[in-house]
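Student: Before I ask anything, let me first share the structure, which is written out below as structure tokens.
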Amino acid sequence: MAHAAPRNRGMLEQGRTTDVFDARTHRMARIVLPVLAALVYGFWAAANRRYGGPITGWNLLFGFLTALVFAVVLITLLTVAPKLHRGLHAVAWAAFAGCAVGFLFSQSNGSIYRSVALGVGVMIGTFLVLFYRYYTKEDAEGHRLE
């Protein structure tokens, strides 16, 4: 007859994971990763706007301003959104994702109706996924179970 091997009451029982990086690295990553994502987003928006033409000073300015706005909104959302209740938390991220995708599509010379439809579609999908995630990870009072 097979028996389960005895286990120590260690990391598995407490539900914690090991942390590879120290607190300083996590603090730096909360700024560096959104800035890198913003630079990619700004480059993408500027590339969509120039339609394969030459890179101009106005195009560079547009890309950097887009990256700046994206970074500020993303860092603000990363700071404020976890403090919100699960419904508002999901709405905030869904609105951000929908606006970001709709804006990118609008820069590629698409119609405004298609840009809005794409943004709303992404927003609805993002809201459904994130609301389900937050709903299953919080109790009724909004306390995180993790």
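By order of appearance in the structure tokens: chains A, B, ..., then residues from 1 within every chain, and ligands from 1 in the order shown.
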Running DSSP on the backbone, which parts of region 109-144 of chain A land in helix (DSSP H, G or I), as a ChimeraX atom specification?
Tutor: /A:112-137
Student: How many Å lie between CA of Thr136 (chain A) and CA of Leu78 (chain A), rounded to one decimal?
Tutor: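 If I compute the distance from CA of Thr136 (chain A) to CA of Leu78 (chain A), I get 20.0 Å.
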Student: Please list as JSON, numbers by chain every residue within 9 Å of Thr126 (chain A), counting only C-alpha atoms and excluding residues in the same chain fewer than 3 positions away.
Tutor: {"A": [90, 91, 93, 94, 95, 97, 98, 121, 122, 123, 129, 130, 131]}
Student: Can you work out which one of A:Phe96, A:Phe62, A:Tyr132, A:Phe70 has the shortest atom-to-atom distance to Arg49 (chain A), counting only C-alpha atoms?
Tutor: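 Residue with the minimum atom-to-atom distance to Arg49 (chain A): A:Phe62.
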Student: Grab the CA of Arg86 (chain A) to CA of Tyr134 (chain A) distance for me, in Å with one decimal place.
Tutor: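 Straight-line distance from CA of Arg86 (chain A) to CA of Tyr134 (chain A) works out to 5.5 Å.
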Student: For region 22-39 of chain A, please output as a PDB file with C-alpha atoms, in the first residue's frame all residues within 7 Å (counting only C-alpha atoms; exclusion window: fewer than 6 positions along the same chain).
Tutor:
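File out12.pdb, as written:
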ATOM      1  CA  ALA A  67       5.344  58.143 -24.227  1.00  0.00           C
ATOM      2  CA  LEU A  68       5.314  60.758 -21.461  1.00  0.00           C
ATOM      3  CA  PHE A  70       1.421  56.938 -21.291  1.00  0.00           C
ATOM      4  CA  ALA A  71       4.073  56.642 -18.551  1.00  0.00           C
ATOM      5  CA  LEU A  74       0.434  53.975 -16.215  1.00  0.00           C
ATOM      6  CA  ILE A  75       2.447  54.840 -13.089  1.00  0.00           C
TER       7      ILE A  75
END
Student: Considering only C-alpha atoms, return as an NGL selection string whatever protein or nucleic-acid residues lie within 12 Å of Tyr51 (chain A), sequence-local ones (same chain, fewer than 5 positions apart) excluded.
Tutor: :A and (44-46 or 59 or 107-110)
Student: May I have the selected residues written with N, CA, C and O atoms, as a compact mmCIF listing (two decimals), in the first residue's frame?
Tutor:
# COMPACT_ATOMS: atom_id res chain seq x y z
N TRP A 44 5.70 53.20 -31.21
CA TRP A 44 4.66 52.57 -32.01
C TRP A 44 3.69 53.63 -32.55
O TRP A 44 3.32 53.62 -33.72
N ALA A 45 3.27 54.55 -31.69
CA ALA A 45 2.34 55.60 -32.11
C ALA A 45 2.98 56.51 -33.16
O ALA A 45 2.34 56.88 -34.16
N ALA A 46 4.25 56.86 -32.96
CA ALA A 46 4.94 57.72 -33.92
C ALA A 46 5.13 57.00 -35.25
O ALA A 46 4.99 57.60 -36.32
N ASN A 59 7.54 64.29 -35.65
CA ASN A 59 7.23 62.89 -35.38
C ASN A 59 7.91 62.42 -34.09
O ASN A 59 7.30 61.71 -33.28
N GLN A 107 -4.11 56.36 -34.98
CA GLN A 107 -2.92 56.94 -35.60
C GLN A 107 -2.53 56.24 -36.90
O GLN A 107 -1.69 56.73 -37.65
N SER A 108 -3.12 55.10 -37.18
CA SER A 108 -2.78 54.37 -38.41
C SER A 108 -3.75 54.69 -39.54
O SER A 108 -3.93 53.89 -40.45
N ASN A 109 -4.38 55.87 -39.47
CA ASN A 109 -5.26 56.37 -40.52
C ASN A 109 -6.54 55.55 -40.66
O ASN A 109 -7.11 55.47 -41.73
N GLY A 110 -6.98 54.92 -39.57
CA GLY A 110 -8.26 54.22 -39.57
C GLY A 110 -9.38 55.19 -39.26
O GLY A 110 -9.16 56.28 -38.77
Student: Given only C-alpha atoms as the basis, pick out the residue of A:Gly125, A:Gly119, A:Lys137, A:Leu104 nearest to Ala47 (chain A).
Tutor: A:Leu104
Student: Figure out the distance between CA of Ala100 (chain A) and CA of His85 (chain A), please, to one decimal in Å.
Tutor: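 CA of His85 (chain A) sits 22.6 Å away from CA of Ala100 (chain A).
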Student: Might you pull out every residue within 9 Å of Ser106 (chain A), with only C-alpha atoms counted and same-chain residues fewer than 4 positions away left off, and present them as a ChimeraX atom specification?
Tutor: /A:48-49,101-102,110-112,114-116
